[in-house]
Amino acid sequence: MIAADGLAKSFGKRGAVQAVAGVSFTAADGAITGLLGPNGAGKTTLLRMLGTLIAPDAGSARVDGLDVVRDRYAVRRRIGVLSDARGLYPRLTARENIRYYGALHGLGGAALDQRVDVLIDVLGLRALADRRAQGFSQGERMKTAIARALVHDPHTILLDEPTNGLDIMSVRALREQLRSLRALGKCLLFSSHVMQEVAALCDTIVILGKGRVIAQGTAAELVEASRAVSLEDAFVALLGSGEGLM
Amino acid sequence: MRRVVTVFAKELVDTLRDRRTMLVTLGTAALAGPIFLMLIFNMIARQADRARDVTLPVQGAAHAPALIAFLERQQVNVVPAPDDYEAKIRAGELDVVMIVDPAFADDVAKGKAATVRLVYDRSRDRARATIEQAETLLRAYGRQWGQSRLLLRGIAPEVGNPLNVDSVNLATPQQSGALVLFLVAYYGLFASIMGGMAVALDSTAGERERQSLEPLLMTPARPIEIVTGKWLATSTLNAAVVLVTLVGFWATLAFAPLPPVGIPFLFGVQELVRFFAVLVPMILLLPAVLLWVGTRGRTYKEAQANVSVIMFVVALIPMVQLFMQRREPDWIAIVPVSGQYALLNRALRGEGLPAAELAMSWIVPVALIAIALAAVARLWSRESILAGK
């Protein structure tokens with residue numbers, strides 16, 4: 001369960017760029033929450049704050065009741081993050097890349113091997129598990145990075161644009177994967193600028209624009225609130241334009 | 001602690017798989033000794049050969065038969081000088097030519113000072129030994145001649161020669177060959193920066209450039225744990241490179257067919273071990289500094305440019321010491337690089353290593369390692385490291 005309360009963050013000299021300006025929302029356990037917004041809406045910055053990588057200027061956020069600033073390391077053990085930066089080590093194999101993160105999370109021995117094997121199967125990485133990441137395609141790299149983020153079986157999962165660069169088959173497989181994680185009672189937060197993606201998957205949608213929450217609710221609630229006919233019309237109406245969404 | 005070991009093991013495997021970089025680093029380290037020593041020993045041998053059998057081209061030998069006889073008694077091979085001797089000296093074919101003044105015999109008969117002229121090019125290093133030998137022989141001849149004249153007039157030679165200069169050279173056989181000593185010490189020191197460079201930069205600036213730093217920093221591993229693991233891995237590889245370099249020098253001196261130059265020069269197993277012991281603080285310090293520099297670079301390339309500054313400093317300090325000539329002040333023992341360089345020289349001169357001085361040379365490096373690692377950890381917890389990508 002994620003609870004953000006008035007999160008704000010600016011960058012640059014004397015806070016010239018206000019990336020996130022007072023964002024409040026909750027993401028429930030056993031649900032997929034979608035963060036939808038055009039490029040530059042503040043999705044990545046918001047996820048970085050929730051992922052404890054950067055501290056908010058104002059406001060606070062809790063993951064399962066733990067503060068993302070004060071209990072940073074406890075939060076890190078409970079969350080799995082696929083961040084905007086998802087570089088792999090090119091000279092390590094996919095398996096070794098995943099294993100390394102497992103070890104850093106304190107796993108080891110047979111338990112870790114078993115966990116890595118499960119992830120390799122679930123994400124369809126079997127064929128390239130023992131190949132070096134050097135020559136991986138973007139989709140293969142993405143799958144490895146997702147496996148790496150899930151290696152410690154986190155309860156809360158933050159995914160920053162996880163479908164970028166995946167082909168349609170992989171996207172469908174990933175959707176299935178996320179749904180099964182939801183069935184296990186996990187809390188999933190999923191950011192995207194692709195409307196169809198969010199609509200197809202998410203239980204709750206938080207629409208971000210210029211660092212603020214424009215609207216939130218289920219797809220039906222959003223359509224109703226904007227008095228639009230379809231979800232797409234609702235997004236355009238809420239954001240003021242469809243620019244940056246596709 | 002377990003996370004430190006995890007990072008250490010991963011960085012080690014990662015680097016060892018970078019076969020090309022490893023090959024270049026270790027290859028350069030292994031070849032440095034053989035190549036340098038071959039060049040220097042051959043140079044020394046050539047100079048020594050020149051000094052041993054001097055050939056002196058002479059023009060007008062007939063004017064001064066007594067002088068020529070003296071020179072030939074001193075093992076000098078006197079040959080007639082070619083007509084174009086000036087051009088040949090400029091071209092480096094001749095080291096020195098002696099011209100006997102045609103009025104030599106006349107001047108001697110009149111009791112005037114007779115003239116011989118030495119023609120040479122002082123700017124040529126290789127000719128220096130021959131020139132000096134010719135000058136020394138001529139001066140000796142002049143002195144001998146003067147003394148016999150004084151004796152003829154019943155005056156003791158000491159009257160005209162009141163100062164007797166007796167040179168006592170305190171250099172033990174091991175203290176000679178200073179150039180070789182300098183190079184071995186210098187290169188040993190240099191190896192301790194070369195060995196860790198690729199790993200240190202790849203695991204900091206490279207990690208940032210590949211976009212793998214952000215996910216790494218989102219794991220429960222503390223930045224200080226991560227940087228300590230990276231530092232241990234870099235230091236291990238650095239130690240291996242330094243060891244290979246030193247073994248290269250040792251093996252070359254022990255087994256290679258180097259020309260016999262008459263420098264009893266000790267770099268045996270004992271010196272090798274002492275050398276390594278002296279270099280340990282550097283082997284540990286430079287990786288920490290390189291990691292810090294690498295962390296400040298946004299890309300591998302940027303970091304590499306910054307590292308050249310450190311290389312310049314490490315390369316320059318021993319040079320300054322070499323040219324300073326004065327005896328080193330005592331505080332130099334604790335200055336990194338300088339202290340090690342001074343100790344390396346002592347080890348090579350066969351003087352032994354006092355434990356107290358060895359311990360002193362650790363103080364500053366240990367403090368600097370702690371500062372550098374803490375600084376890297378602090379940089380990694382700053383947001384600007386991510387904003388820059």
# chains A, B, ... in the order shown; residues from 1 in each chain; ligands from 1

call {"tool": "select_by_dssp", "arguments": {"residues": "range 164-232 of chain A", "states": "helix (DSSP H, G or I)", "output": "MDAnalysis selection string"}}
result
chainID A and resid 168:183 195:201 219:226 231:232

call {"tool": "select_by_dssp", "arguments": {"residues": "range 45-273 of chain B", "states": "strand (DSSP E)", "output": "PyMOL selection string"}}
result
chain B and resi 55-59+77-80+96-100+116-120

call {"tool": "interface_residues", "arguments": {"of": "chain B", "to": "chain A", "cutoff": "12 Å", "atoms": "only C-alpha atoms", "output": "ChimeraX atom specification"}}
result
/B:1-19,202-203,206-223,225-226,229,380-389

call {"tool": "residues_around", "arguments": {"residues": "Ala32 in chain B", "least_positions_apart": "6", "cutoff": "9 Å", "atoms": "only C-alpha atoms", "output": "PyMOL selection string"}}
result
chain B and resi 187+245+248-249

call {"tool": "write_last_selection", "arguments": {"atoms": "C-alpha atoms", "output": "CSV table (one decimal), in the first residue's frame"}}
result
chain,number,residue,atom,x,y,z
B,187,TYR,CA,57.8,2.4,-13.0
B,245,THR,CA,55.3,-5.3,-13.3
B,248,GLY,CA,58.9,-8.4,-15.1
B,249,PHE,CA,61.8,-6.3,-13.8

call {"tool": "atom_distance", "arguments": {"atom1": "CA of Phe41 in chain B", "atom2": "CA of Val119 in chain B"}}
result
28.7 Å

call {"tool": "closest_residue", "arguments": {"among": "B:Leu71, B:Ala303, B:Ala200, B:Ala377", "to": "Thr55 in chain B", "atoms": "only C-alpha atoms"}}
result
B:Leu71

call {"tool": "closest_residue", "arguments": {"among": "B:Ala113, B:Leu232, B:Ile334, B:Val289", "to": "Gly142 in chain B", "atoms": "only C-alpha atoms"}}
result
B:Ala113

call {"tool": "decode", "arguments": {"residues": "range 175-222 of chain B", "atoms": "N, CA and C atoms", "output": "compact mmCIF listing (two decimals), in the first residue's frame"}}
result
# COMPACT_ATOMS: atom_id res chain seq x y z
N GLN B 175 75.04 1.35 -5.31
CA GLN B 175 74.51 2.70 -5.43
C GLN B 175 74.74 3.27 -6.82
N SER B 176 75.55 2.63 -7.60
CA SER B 176 75.74 3.13 -8.95
C SER B 176 74.59 2.66 -9.83
N GLY B 177 74.61 3.05 -11.04
CA GLY B 177 73.49 2.69 -11.92
C GLY B 177 72.24 3.42 -11.50
N ALA B 178 72.40 4.69 -11.07
CA ALA B 178 71.27 5.45 -10.51
C ALA B 178 70.10 5.53 -11.48
N LEU B 179 70.41 5.58 -12.74
CA LEU B 179 69.35 5.71 -13.73
C LEU B 179 68.44 4.48 -13.72
N VAL B 180 69.09 3.32 -13.61
CA VAL B 180 68.31 2.09 -13.60
C VAL B 180 67.44 2.05 -12.34
N LEU B 181 68.06 2.44 -11.22
CA LEU B 181 67.30 2.44 -9.96
C LEU B 181 66.09 3.36 -10.09
N PHE B 182 66.35 4.52 -10.63
CA PHE B 182 65.28 5.50 -10.75
C PHE B 182 64.12 4.91 -11.56
N LEU B 183 64.48 4.26 -12.65
CA LEU B 183 63.42 3.75 -13.52
C LEU B 183 62.61 2.64 -12.90
N VAL B 184 63.29 1.76 -12.19
CA VAL B 184 62.55 0.65 -11.56
C VAL B 184 61.58 1.21 -10.52
N ALA B 185 62.09 2.15 -9.69
CA ALA B 185 61.24 2.74 -8.65
C ALA B 185 60.09 3.51 -9.29
N TYR B 186 60.42 4.26 -10.30
CA TYR B 186 59.45 5.11 -10.98
C TYR B 186 58.35 4.27 -11.61
N TYR B 187 58.77 3.22 -12.28
CA TYR B 187 57.77 2.44 -12.99
C TYR B 187 56.92 1.62 -12.03
N GLY B 188 57.54 1.18 -10.94
CA GLY B 188 56.77 0.46 -9.93
C GLY B 188 55.65 1.32 -9.38
N LEU B 189 56.00 2.58 -9.13
CA LEU B 189 55.02 3.53 -8.61
C LEU B 189 53.93 3.79 -9.64
N PHE B 190 54.35 3.90 -10.88
CA PHE B 190 53.41 4.21 -11.95
C PHE B 190 52.44 3.05 -12.18
N ALA B 191 52.93 1.84 -12.00
CA ALA B 191 52.08 0.67 -12.20
C ALA B 191 50.89 0.70 -11.25
N SER B 192 51.09 1.31 -10.07
CA SER B 192 50.01 1.29 -9.10
C SER B 192 48.89 2.26 -9.46
N ILE B 193 49.08 3.08 -10.48
CA ILE B 193 47.94 3.88 -10.96
C ILE B 193 47.36 3.26 -12.22
N MET B 194 48.21 2.64 -13.02
CA MET B 194 47.74 2.06 -14.27
C MET B 194 46.84 0.85 -14.01
N GLY B 195 47.21 0.08 -12.99
CA GLY B 195 46.51 -1.18 -12.76
C GLY B 195 45.05 -1.01 -12.42
N GLY B 196 44.72 0.05 -11.68
CA GLY B 196 43.35 0.17 -11.20
C GLY B 196 42.48 1.08 -12.04
N MET B 197 43.10 1.74 -13.03
CA MET B 197 42.37 2.80 -13.71
C MET B 197 41.11 2.30 -14.41
N ALA B 198 41.26 1.28 -15.25
CA ALA B 198 40.12 0.83 -16.05
C ALA B 198 38.95 0.39 -15.15
N VAL B 199 39.25 -0.38 -14.12
CA VAL B 199 38.19 -0.87 -13.24
C VAL B 199 37.54 0.28 -12.49
N ALA B 200 38.36 1.15 -11.94
CA ALA B 200 37.82 2.23 -11.11
C ALA B 200 36.87 3.09 -11.93
N LEU B 201 37.27 3.42 -13.15
CA LEU B 201 36.42 4.30 -13.96
C LEU B 201 35.19 3.55 -14.46
N ASP B 202 35.38 2.29 -14.85
CA ASP B 202 34.25 1.53 -15.37
C ASP B 202 33.19 1.32 -14.29
N SER B 203 33.62 1.14 -13.06
CA SER B 203 32.64 0.83 -12.02
C SER B 203 32.04 2.09 -11.38
N THR B 204 32.46 3.27 -11.83
CA THR B 204 31.85 4.50 -11.32
C THR B 204 31.22 5.28 -12.48
N ALA B 205 32.08 5.96 -13.25
CA ALA B 205 31.55 6.73 -14.38
C ALA B 205 30.88 5.81 -15.40
N GLY B 206 31.48 4.64 -15.62
CA GLY B 206 30.90 3.69 -16.58
C GLY B 206 29.54 3.22 -16.12
N GLU B 207 29.42 2.97 -14.82
CA GLU B 207 28.15 2.51 -14.26
C GLU B 207 27.07 3.59 -14.44
N ARG B 208 27.49 4.82 -14.28
CA ARG B 208 26.55 5.93 -14.45
C ARG B 208 26.16 6.07 -15.91
N GLU B 209 27.14 5.93 -16.78
CA GLU B 209 26.89 6.09 -18.21
C GLU B 209 25.96 4.98 -18.73
N ARG B 210 26.13 3.78 -18.20
CA ARG B 210 25.31 2.64 -18.63
C ARG B 210 23.92 2.66 -18.00
N GLN B 211 23.71 3.63 -17.10
CA GLN B 211 22.41 3.75 -16.42
C GLN B 211 22.15 2.58 -15.48
N SER B 212 23.21 2.00 -14.95
CA SER B 212 22.98 0.92 -14.00
C SER B 212 23.23 1.39 -12.57
N LEU B 213 23.66 2.65 -12.42
CA LEU B 213 23.94 3.15 -11.07
C LEU B 213 22.65 3.39 -10.29
N GLU B 214 21.65 3.96 -10.96
CA GLU B 214 20.40 4.29 -10.26
C GLU B 214 19.73 3.04 -9.66
N PRO B 215 19.54 1.98 -10.47
CA PRO B 215 18.95 0.77 -9.85
C PRO B 215 19.83 0.19 -8.74
N LEU B 216 21.15 0.30 -8.91
CA LEU B 216 22.04 -0.23 -7.88
C LEU B 216 21.85 0.53 -6.57
N LEU B 217 21.68 1.84 -6.67
CA LEU B 217 21.53 2.65 -5.47
C LEU B 217 20.14 2.50 -4.85
N MET B 218 19.22 1.85 -5.58
CA MET B 218 17.89 1.62 -5.01
C MET B 218 17.81 0.30 -4.28
N THR B 219 18.89 -0.46 -4.25
CA THR B 219 18.90 -1.70 -3.47
C THR B 219 19.17 -1.34 -2.01
N PRO B 220 18.96 -2.27 -1.09
CA PRO B 220 19.22 -1.95 0.32
C PRO B 220 20.69 -1.77 0.64
N ALA B 221 21.58 -2.00 -0.33
CA ALA B 221 23.00 -1.83 -0.05
C ALA B 221 23.30 -0.36 0.18
N ARG B 222 24.03 -0.05 1.26
CA ARG B 222 24.41 1.33 1.55
C ARG B 222 25.49 1.77 0.56
